[in-house]
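Chemist: Input start28.txt, format and content: compact mmCIF, C-alpha atoms and all ligand atoms.
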# COMPACT_ATOMS: atom_id res chain seq x y z
CA VAL A 206 54.01 34.32 -27.37
CA HIS A 207 57.56 35.53 -27.27
CA ALA A 208 60.15 34.47 -29.76
CA ASP A 209 62.29 32.79 -27.10
CA LYS A 210 59.30 30.75 -25.96
CA ILE A 211 58.72 29.61 -29.52
CA ASN A 212 62.40 28.79 -29.91
CA HIS A 213 62.28 26.80 -26.71
CA LEU A 214 59.27 24.85 -27.93
CA ARG A 215 60.83 24.20 -31.32
CA THR A 216 64.08 23.04 -29.77
CA GLY A 217 62.09 20.67 -27.57
CA VAL A 218 60.27 19.32 -30.61
CA GLN A 219 63.55 18.84 -32.48
CA ASN A 220 65.08 17.05 -29.50
CA GLY A 221 62.28 14.53 -29.36
CA ASP A 222 60.61 15.97 -26.28
CA ARG A 223 57.11 14.58 -26.77
CA ARG A 224 55.54 17.03 -24.35
CA ALA A 225 56.94 19.89 -26.38
CA LEU A 226 55.59 18.22 -29.51
CA ALA A 227 52.17 17.71 -27.95
CA ARG A 228 52.13 21.34 -26.88
CA ALA A 229 53.24 22.60 -30.28
CA ILE A 230 50.53 20.52 -31.98
CA THR A 231 47.90 21.93 -29.63
CA VAL A 232 48.98 25.48 -30.40
CA VAL A 233 48.92 24.86 -34.15
CA GLU A 234 45.77 22.74 -34.12
CA ALA A 235 43.75 25.36 -32.25
CA ASP A 236 45.50 28.27 -33.95
CA LEU A 237 46.48 29.68 -30.57
CA PRO A 238 48.80 32.68 -30.27
CA GLY A 239 52.23 31.56 -31.35
CA ALA A 240 50.97 29.18 -34.04
CA ALA A 241 52.31 31.31 -36.86
CA GLY A 242 55.59 31.75 -35.02
CA ILE A 243 56.02 28.01 -34.59
CA LEU A 244 55.19 27.31 -38.23
CA LYS A 245 57.56 29.95 -39.51
CA SER A 246 60.36 28.61 -37.34
CA LEU A 247 60.18 25.12 -38.83
CA SER A 248 63.24 23.96 -40.67
CA ALA A 249 62.79 22.63 -44.15
CA THR A 250 63.25 19.06 -42.96
CA ASP A 251 61.41 16.68 -45.18
CA ALA A 252 62.78 13.35 -44.10
CA ALA A 253 59.55 11.93 -42.75
CA ARG A 254 57.38 9.92 -45.07
CA VAL A 255 53.68 10.54 -44.66
CA VAL A 256 51.45 7.53 -45.15
CA GLY A 257 47.72 8.15 -45.42
CA LEU A 258 45.45 5.32 -44.36
CA THR A 259 41.83 5.72 -45.30
CA GLY A 260 38.74 3.62 -45.91
CA PRO A 261 35.22 3.10 -44.61
CA PRO A 262 34.50 2.98 -40.86
CA GLY A 263 35.17 -0.44 -39.40
CA ALA A 264 37.48 -1.57 -42.20
CA GLY A 265 40.19 -2.11 -39.61
CA LYS A 266 42.26 1.00 -40.24
CA SER A 267 43.20 1.53 -36.60
CA THR A 268 44.04 -2.14 -36.20
CA LEU A 269 46.10 -1.99 -39.36
CA ALA A 270 47.81 1.16 -38.14
CA ASN A 271 48.71 -0.62 -34.91
CA ALA A 272 50.20 -3.48 -36.86
CA LEU A 273 52.18 -1.15 -39.12
CA VAL A 274 53.52 0.75 -36.13
CA HIS A 275 54.65 -2.54 -34.65
CA HIS A 276 56.32 -3.52 -37.88
CA TRP A 277 58.12 -0.21 -38.34
CA VAL A 278 59.22 0.06 -34.72
CA GLY A 279 60.62 -3.44 -35.10
CA GLN A 280 62.71 -2.10 -37.98
CA GLY A 281 64.09 0.61 -35.74
CA LEU A 282 61.98 3.39 -37.21
CA ARG A 283 60.38 6.21 -35.25
CA VAL A 284 56.69 6.45 -35.98
CA ALA A 285 54.03 9.08 -35.36
CA VAL A 286 50.33 8.35 -35.75
CA LEU A 287 47.76 11.05 -36.30
CA ALA A 288 44.29 9.58 -36.04
CA VAL A 289 41.39 11.65 -37.26
CA ASP A 290 38.83 9.23 -35.95
CA PRO A 291 37.72 9.85 -32.41
CA SER A 292 35.13 7.07 -32.68
CA SER A 293 37.82 4.46 -32.86
CA PRO A 294 40.64 5.43 -30.56
CA PHE A 295 43.99 3.79 -30.63
CA HIS A 296 44.45 0.71 -28.55
CA LEU A 297 48.09 0.14 -28.98
CA GLY A 298 49.05 -3.04 -27.33
CA ALA A 299 47.18 -5.97 -28.72
CA LEU A 300 49.48 -6.42 -31.65
CA LEU A 301 52.64 -5.16 -30.20
CA GLY A 302 55.37 -7.47 -29.13
CA ASP A 303 55.70 -8.33 -25.47
CA ARG A 304 58.69 -6.14 -24.95
CA ILE A 305 56.78 -3.15 -26.20
CA ARG A 306 53.41 -4.16 -24.85
CA LEU A 307 54.67 -4.20 -21.31
CA ALA A 308 55.61 -0.58 -21.44
CA PRO A 309 52.75 1.80 -21.97
CA LEU A 310 53.07 2.81 -25.58
CA PHE A 311 52.51 6.45 -25.11
CA THR A 312 55.84 6.47 -23.36
CA HIS A 313 57.58 4.33 -25.96
CA PRO A 314 60.35 6.57 -27.21
CA SER A 315 59.83 5.62 -30.85
CA VAL A 316 56.09 6.13 -31.03
CA PHE A 317 54.00 9.25 -30.87
CA ILE A 318 50.21 9.06 -31.08
CA ARG A 319 47.77 11.87 -31.35
CA SER A 320 44.04 12.01 -32.04
CA LEU A 321 42.66 15.01 -33.84
CA ALA A 322 39.05 16.03 -34.16
CA SER A 323 37.62 15.78 -37.64
CA ARG A 324 36.15 18.71 -39.47
CA GLY A 325 32.57 17.58 -39.41
CA ALA A 326 30.18 14.71 -39.06
CA LEU A 327 31.13 13.39 -42.47
CA GLY A 328 34.73 13.06 -41.55
CA GLY A 329 37.29 15.08 -43.37
CA LEU A 330 40.67 16.14 -42.24
CA HIS A 331 41.21 18.51 -39.41
CA PRO A 332 41.52 21.97 -40.99
CA ARG A 333 45.01 22.33 -39.58
CA MET A 334 46.19 18.87 -40.59
CA LEU A 335 48.81 20.10 -43.05
CA GLU A 336 50.31 22.30 -40.37
CA VAL A 337 50.18 19.58 -37.71
CA VAL A 338 51.99 17.18 -40.05
CA ASP A 339 54.68 19.79 -40.65
CA VAL A 340 55.17 20.17 -36.89
CA VAL A 341 55.46 16.40 -36.47
CA LYS A 342 58.00 16.29 -39.30
CA GLU A 343 60.17 18.64 -37.26
CA ALA A 344 60.34 16.00 -34.53
CA GLY A 345 62.28 13.65 -36.78
CA TYR A 346 59.88 10.74 -37.15
CA ASN A 347 60.60 8.44 -40.06
CA ARG A 348 56.97 7.63 -40.71
CA ILE A 349 53.89 9.70 -40.05
CA LEU A 350 50.76 7.62 -40.39
CA VAL A 351 47.55 9.57 -40.84
CA GLU A 352 44.35 7.60 -40.31
CA THR A 353 41.15 9.11 -41.67
CA VAL A 354 37.68 7.79 -42.30
CA GLY A 355 37.14 7.78 -46.03
CA VAL A 356 33.53 8.74 -46.43
CA GLY A 357 33.67 11.86 -48.48
CA GLN A 358 36.27 14.48 -49.08
CA SER A 359 38.71 13.17 -46.52
CA GLU A 360 40.31 10.58 -48.76
CA VAL A 361 41.07 13.28 -51.29
CA ASP A 362 42.40 15.52 -48.54
CA VAL A 363 44.66 12.85 -47.12
CA ALA A 364 45.97 12.04 -50.58
CA GLY A 365 47.01 15.66 -50.83
CA LEU A 366 49.36 15.46 -47.91
CA ALA A 367 50.51 11.84 -48.00
CA ASP A 368 53.51 10.47 -49.86
CA CYS A 369 51.64 7.20 -50.08
CA THR A 370 47.90 6.72 -49.77
CA VAL A 371 46.63 3.34 -48.62
CA VAL A 372 42.93 2.53 -48.95
CA ALA A 373 41.64 -0.26 -46.72
CA LEU A 374 38.51 -2.21 -47.60
CA VAL A 375 36.97 -5.45 -46.40
CA PRO A 376 35.77 -8.51 -48.34
CA GLU A 377 32.11 -7.53 -47.95
CA ALA A 378 32.69 -4.11 -49.42
CA GLY A 379 31.41 -5.00 -52.88
CA ASP A 380 28.81 -2.26 -52.82
CA THR A 381 31.33 0.24 -51.58
CA VAL A 382 33.58 -0.62 -54.47
CA GLN A 383 30.84 0.13 -56.97
CA THR A 384 30.35 3.60 -55.59
CA MET A 385 33.88 4.49 -54.68
CA LYS A 386 35.40 4.78 -58.11
CA ALA A 387 35.38 8.55 -58.02
CA GLY A 388 36.75 8.81 -54.51
CA LEU A 389 38.65 6.09 -52.78
CA LEU A 390 39.92 4.25 -55.81
CA GLU A 391 41.13 7.39 -57.46
CA VAL A 392 43.43 8.28 -54.60
CA ALA A 393 44.55 4.75 -53.74
CA GLN A 394 48.21 4.08 -54.36
CA ILE A 395 47.92 0.81 -52.48
CA LEU A 396 44.70 -1.13 -52.02
CA VAL A 397 44.22 -3.35 -49.00
CA VAL A 398 41.65 -6.09 -48.51
CA ASN A 399 41.67 -6.29 -44.74
CA LYS A 400 39.81 -8.95 -42.75
CA SER A 401 41.09 -11.49 -45.23
CA ASP A 402 40.27 -14.14 -42.67
CA ARG A 403 36.71 -13.72 -43.91
CA ASP A 404 34.97 -15.22 -46.92
CA GLY A 405 35.28 -13.49 -50.22
CA ALA A 406 38.67 -11.92 -49.66
CA GLU A 407 40.23 -13.36 -52.79
CA GLU A 408 37.22 -12.39 -54.95
CA MET A 409 37.43 -8.89 -53.57
CA ALA A 410 41.15 -8.74 -54.24
CA LYS A 411 40.55 -9.92 -57.81
CA SER A 412 37.97 -7.28 -58.61
CA LEU A 413 40.15 -4.61 -57.04
CA ARG A 414 43.10 -5.77 -59.16
CA MET A 415 40.95 -5.41 -62.27
CA MET A 416 39.89 -1.92 -61.25
CA ALA A 417 43.43 -0.91 -60.37
CA HIS A 418 44.55 -2.18 -63.76
CA GLU A 419 41.88 -0.15 -65.55
CA ALA A 420 42.66 2.96 -63.56
CA ALA A 421 46.37 2.77 -64.35
CA SER A 422 47.92 4.96 -66.99
CA HIS A 423 51.37 6.07 -68.10
CA ASP A 424 51.58 8.65 -65.31
CA ARG A 425 49.63 6.63 -62.79
CA PRO A 426 51.18 3.30 -61.79
CA GLU A 427 48.87 0.41 -61.09
CA ALA A 428 48.03 0.26 -57.38
CA PRO A 429 49.07 -3.08 -55.87
CA VAL A 430 46.41 -4.99 -53.94
CA VAL A 431 47.47 -6.52 -50.62
CA LYS A 432 45.42 -8.89 -48.48
CA THR A 433 45.80 -8.46 -44.73
CA THR A 434 44.37 -9.72 -41.49
CA ALA A 435 45.25 -6.79 -39.30
CA SER A 436 44.05 -8.50 -36.15
CA THR A 437 46.67 -11.24 -36.47
CA GLY A 438 49.29 -9.32 -38.39
CA ASP A 439 49.00 -11.52 -41.48
CA GLY A 440 50.02 -9.67 -44.61
CA VAL A 441 51.22 -6.62 -42.72
CA ALA A 442 54.85 -7.18 -43.70
CA ALA A 443 53.74 -7.39 -47.34
CA LEU A 444 51.79 -4.16 -46.93
CA ALA A 445 54.80 -2.45 -45.36
CA ALA A 446 56.93 -3.68 -48.26
CA ALA A 447 54.42 -2.28 -50.77
CA ILE A 448 54.48 1.04 -48.95
CA ASP A 449 58.29 1.09 -48.97
CA ALA A 450 58.34 0.26 -52.67
CA HIS A 451 55.99 3.12 -53.38
CA LEU A 452 57.98 5.54 -51.24
CA ASP A 453 61.19 4.48 -52.97
CA THR A 454 59.93 5.11 -56.46
CA GLY A 455 57.88 8.21 -55.85
CA ARG A 456 58.54 11.80 -55.23
CA PRO A 457 61.38 13.25 -57.17
CA ALA A 458 61.86 16.59 -55.39
CA THR A 459 60.64 18.74 -58.24
CA SER A 460 57.98 16.48 -59.62
CA GLU A 461 54.91 18.04 -61.13
CA ARG A 462 52.74 16.53 -58.40
CA ARG A 463 54.85 17.95 -55.60
CA LEU A 464 54.83 21.37 -57.19
CA HIS A 465 51.09 21.13 -57.57
CA LEU A 466 50.61 20.13 -53.94
CA LEU A 467 52.83 22.94 -52.75
CA ALA A 468 50.88 25.41 -54.85
CA VAL A 469 47.59 24.18 -53.38
CA LYS A 470 49.10 24.35 -49.91
CA THR A 471 50.38 27.88 -50.44
CA LEU A 472 47.00 29.00 -51.65
CA ARG A 473 45.38 27.58 -48.55
CA ILE A 474 47.88 29.24 -46.26
CA VAL A 475 47.39 32.61 -47.95
CA GLN A 476 43.62 32.29 -47.89
CA ASP A 477 43.65 31.33 -44.22
CA ARG A 478 45.93 34.17 -43.37
CA HIS A 479 43.61 36.67 -44.99
CA THR A 480 40.57 35.47 -43.19
CA THR A 481 42.18 35.18 -39.78
CA GLY A 482 40.17 37.18 -37.29
CA LEU A 483 37.33 37.77 -39.72
CA THR A 484 34.35 36.14 -38.08
CA PRO A 485 30.81 36.65 -39.34
CA THR A 486 30.10 38.61 -36.16
CA LYS A 487 32.99 40.95 -36.73
CA LEU A 488 32.08 41.35 -40.39
CA LYS A 489 28.50 42.20 -39.50
CA ALA A 490 29.70 44.92 -37.16
CA LEU A 491 31.99 46.35 -39.84
CA LEU A 492 29.24 46.11 -42.44
CA GLU A 493 26.79 47.98 -40.25
CA VAL A 494 29.17 50.91 -40.18
CA ALA A 495 30.08 50.69 -43.84
CA LEU A 496 26.44 50.53 -44.91
CA GLN A 497 25.88 54.01 -43.46
CA LYS A 498 27.80 55.45 -46.37
CA PRO A 499 25.64 56.23 -49.38
CA ASP A 500 28.28 54.96 -51.79
CA PHE A 501 28.64 51.57 -50.13
CA ASN A 502 30.25 49.05 -52.45
CA LEU A 503 30.78 45.48 -51.34
CA TYR A 504 33.93 44.97 -53.38
CA ALA A 505 35.57 48.11 -52.12
CA PHE A 506 34.51 47.11 -48.62
CA ALA A 507 36.07 43.65 -48.97
CA GLU A 508 39.29 45.06 -50.33
CA GLY A 509 39.55 47.55 -47.48
CA LEU A 510 39.10 45.00 -44.72
CA PRO A 511 41.67 45.03 -41.94
CA VAL A 512 43.65 41.91 -42.74
CA GLU A 513 45.54 40.51 -39.85
CA GLY A 514 49.17 39.86 -40.41
CA TRP A 515 51.10 36.67 -40.12
CA GLY A 516 53.17 37.88 -37.22
CA ALA A 517 53.94 35.68 -34.26
N1 LIG B 1 38.15 -10.59 -38.36
C1 LIG B 1 38.90 -9.50 -38.41
N2 LIG B 1 38.57 -8.44 -37.66
C2 LIG B 1 39.33 -7.33 -37.73
C3 LIG B 1 40.47 -7.28 -38.57
N3 LIG B 1 41.02 -6.05 -38.44
C4 LIG B 1 40.26 -5.37 -37.58
N4 LIG B 1 39.24 -6.13 -37.14
C5 LIG B 1 38.18 -5.74 -36.19
O1 LIG B 1 37.30 -4.83 -36.86
C6 LIG B 1 36.80 -3.87 -35.94
C7 LIG B 1 37.05 -2.47 -36.44
O2 LIG B 1 38.44 -2.25 -36.44
P1 LIG B 1 39.07 -0.78 -36.41
O3 LIG B 1 40.54 -0.95 -36.54
O4 LIG B 1 38.58 -0.01 -35.25
O5 LIG B 1 38.45 -0.17 -37.75
P2 LIG B 1 38.50 1.34 -38.29
O6 LIG B 1 37.18 1.96 -37.98
O7 LIG B 1 38.69 1.21 -39.77
O8 LIG B 1 39.64 2.03 -37.63
C8 LIG B 1 37.48 -4.15 -34.62
O9 LIG B 1 36.61 -4.91 -33.82
C9 LIG B 1 38.70 -4.96 -35.01
O10 LIG B 1 39.12 -5.83 -34.00
C10 LIG B 1 40.80 -8.44 -39.36
O11 LIG B 1 41.77 -8.47 -40.11
N5 LIG B 1 39.98 -9.51 -39.22
MG MG B 2 39.87 3.81 -36.61
Spit out the file's structure as structure tokens when you get a sec.
Ligand SMILES: Nc1nc2c(ncn2[C@@H]2O[C@H](COP(=O)(O)OP(=O)(O)O)[C@@H](O)[C@H]2O)c(=O)[nH]1
Ligand SMILES: [Mg+2]
Modeler:
Amino acid sequence: VHADKINHLRTGVQNGDRRALARAITVVEADLPGAAGILKSLSATDAARVVGLTGPPGAGKSTLANALVHHWVGQGLRVAVLAVDPSSPFHLGALLGDRIRLAPLFTHPSVFIRSLASRGALGGLHPRMLEVVDVVKEAGYNRILVETVGVGQSEVDVAGLADCTVVALVPEAGDTVQTMKAGLLEVAQILVVNKSDRDGAEEMAKSLRMMAHEAASHDRPEAPVVKTTASTGDGVAALAAAIDAHLDTGRPATSERRLHLLAVKTLRIVQDRHTTGLTPTKLKALLEVALQKPDFNLYAFAEGLPVEGWGA
């Protein structure tokens, strides 16, 4: 892909052309030719706030995301949603105000929605999620909401890229809570008891508050617990306020956490770059040749591999 094509695409993304954005995401997501060129052309814009929304399947994450989008759009914000949950596609509409509902939302100028495939059956972020988020940031959205199913590693992954991680649970999730200490609770900066129209919501909120209190420390503020009924919009304004409060306090530009995340991100980029083009099939072919030599050494072989560059 030629440089002027990449420039054209990037300019489109920056100007809010959603087709250009969709195209750029596809290129980056699938690592098509031009992906590196697009990524390297990104400006250092970091105005968008990334909100991760995770939790067990069926907790109401998509419904909650809809409600948050509605809330933010009502405040005049531009919002992008990246949903890593093909099983539960976005049905924007139900919660959106009439004015917005009448117009198909995918054409609403303030909203961009994209589904991404997950890494595997157990969920997990798309392997190019970091890059996709960076492309979306270029398009000038104020909020980027990333919905993932929290069933394993994904909640940790999403915490790594989000400025604020929201974990959604339901009143019946008592068992989940017992087993989630190591995962979901650890990454939660805000805890949500969704489906609060159901029995047991207050009990659930109470036990979560206790846990959040125990988990808090001097460098880890206590995660607030918010009760919501996503399907009616109850509590969504309070959730949005909690998110704003977290975003306001967090993230000094050179904070230890940010530096750590950037280091992890750099490592991943470098590792990816070095394995680009190295498929098991290709390696087997190279190994077959290398093994002919009597002084074959695996380490010397690995070091001598043809590493593809990071050129456009
Ligand atoms: N009663 C009730 N149902 C809800 C609420 N929020 C979502 N749901 C329903 O729960 C189901 C799963 O919601 P969804 O947003 O797809 O969950 P996700 O898998 O976490 O994204 C849907 O049928 C929703 O309509 C809520 O606050 N109360
Ligand atoms: Mg969903």
Chemist: With all atoms listed in the file counted and 7 Å as the cut-off, give the residues of chain A in contact with ligand LIG 1 (chain B), each with its shortest interatomic distance in Å and the pair that gives it, as JSON lines.
Modeler:
{"residue": "A:Gly260", "atom": "CA", "partner": "B:LIG1", "partner_atom": "O7", "distance": 6.6}
{"residue": "A:Pro261", "atom": "CA", "partner": "B:LIG1", "partner_atom": "O7", "distance": 6.2}
{"residue": "A:Pro262", "atom": "CA", "partner": "B:LIG1", "partner_atom": "O6", "distance": 4.1}
{"residue": "A:Gly263", "atom": "CA", "partner": "B:LIG1", "partner_atom": "O6", "distance": 3.4}
{"residue": "A:Ala264", "atom": "CA", "partner": "B:LIG1", "partner_atom": "O7", "distance": 3.9}
{"residue": "A:Gly265", "atom": "CA", "partner": "B:LIG1", "partner_atom": "O5", "distance": 3.2}
{"residue": "A:Lys266", "atom": "CA", "partner": "B:LIG1", "partner_atom": "O7", "distance": 3.6}
{"residue": "A:Ser267", "atom": "CA", "partner": "B:LIG1", "partner_atom": "O3", "distance": 3.6}
{"residue": "A:Thr268", "atom": "CA", "partner": "B:LIG1", "partner_atom": "O3", "distance": 3.7}
{"residue": "A:Leu269", "atom": "CA", "partner": "B:LIG1", "partner_atom": "O3", "distance": 6.3}
{"residue": "A:Ser293", "atom": "CA", "partner": "B:LIG1", "partner_atom": "O4", "distance": 5.1}
{"residue": "A:Asn399", "atom": "CA", "partner": "B:LIG1", "partner_atom": "O11", "distance": 5.1}
{"residue": "A:Lys400", "atom": "CA", "partner": "B:LIG1", "partner_atom": "O11", "distance": 3.3}
{"residue": "A:Ser401", "atom": "CA", "partner": "B:LIG1", "partner_atom": "O11", "distance": 6.0}
{"residue": "A:Asp402", "atom": "CA", "partner": "B:LIG1", "partner_atom": "N5", "distance": 5.8}
{"residue": "A:Arg403", "atom": "CA", "partner": "B:LIG1", "partner_atom": "N1", "distance": 6.5}
{"residue": "A:Thr433", "atom": "CA", "partner": "B:LIG1", "partner_atom": "O11", "distance": 6.1}
{"residue": "A:Thr434", "atom": "CA", "partner": "B:LIG1", "partner_atom": "O11", "distance": 3.2}
{"residue": "A:Ala435", "atom": "CA", "partner": "B:LIG1", "partner_atom": "O11", "distance": 3.9}
{"residue": "A:Ser436", "atom": "CA", "partner": "B:LIG1", "partner_atom": "C3", "distance": 4.5}
{"residue": "A:Thr437", "atom": "CA", "partner": "B:LIG1", "partner_atom": "O11", "distance": 6.7}
Chemist: Please dump the current selection as a CSV table (one decimal), in the coordinates of the input; keep C-alpha atoms.
Modeler:
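Ended up saving to selection18.csv:
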chain,number,residue,atom,x,y,z
A,260,GLY,CA,38.7,3.6,-45.9
A,261,PRO,CA,35.2,3.1,-44.6
A,262,PRO,CA,34.5,3.0,-40.9
A,263,GLY,CA,35.2,-0.4,-39.4
A,264,ALA,CA,37.5,-1.6,-42.2
A,265,GLY,CA,40.2,-2.1,-39.6
A,266,LYS,CA,42.3,1.0,-40.2
A,267,SER,CA,43.2,1.5,-36.6
A,268,THR,CA,44.0,-2.1,-36.2
A,269,LEU,CA,46.1,-2.0,-39.4
A,293,SER,CA,37.8,4.5,-32.9
A,399,ASN,CA,41.7,-6.3,-44.7
A,400,LYS,CA,39.8,-9.0,-42.8
A,401,SER,CA,41.1,-11.5,-45.2
A,402,ASP,CA,40.3,-14.1,-42.7
A,403,ARG,CA,36.7,-13.7,-43.9
A,433,THR,CA,45.8,-8.5,-44.7
A,434,THR,CA,44.4,-9.7,-41.5
A,435,ALA,CA,45.2,-6.8,-39.3
A,436,SER,CA,44.0,-8.5,-36.2
A,437,THR,CA,46.7,-11.2,-36.5
Chemist: Find the residues near Val372 of chain A: any atom within 10 Å, counting all atoms listed in the file, skip ones fewer than 4 places away on the same chain, and give them as a ChimeraX atom specification.
Modeler: /A:257-261,264,266,353-355,360,389-399,430
Chemist: In Å, with one decimal, what is the gap from atom CA of Val371 of chain A to atom CA of Glu408 of chain A?
Modeler: 19.4 Å
Chemist: In Å, rounded to a single decimal, give me how far atom CA of Val232 of chain A is from atom CA of Leu510 of chain A.
Modeler: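 So the two atoms, atom CA of Leu510 of chain A and atom CA of Val232 of chain A, lie 26.1 Å apart.
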Chemist: Rounded to one decimal, what separation in Å do you get between atom CA of Pro429 of chain A and atom CA of Ala417 of chain A?
Modeler: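 Pair atom CA of Pro429 of chain A / atom CA of Ala417 of chain A returns 7.5 Å.
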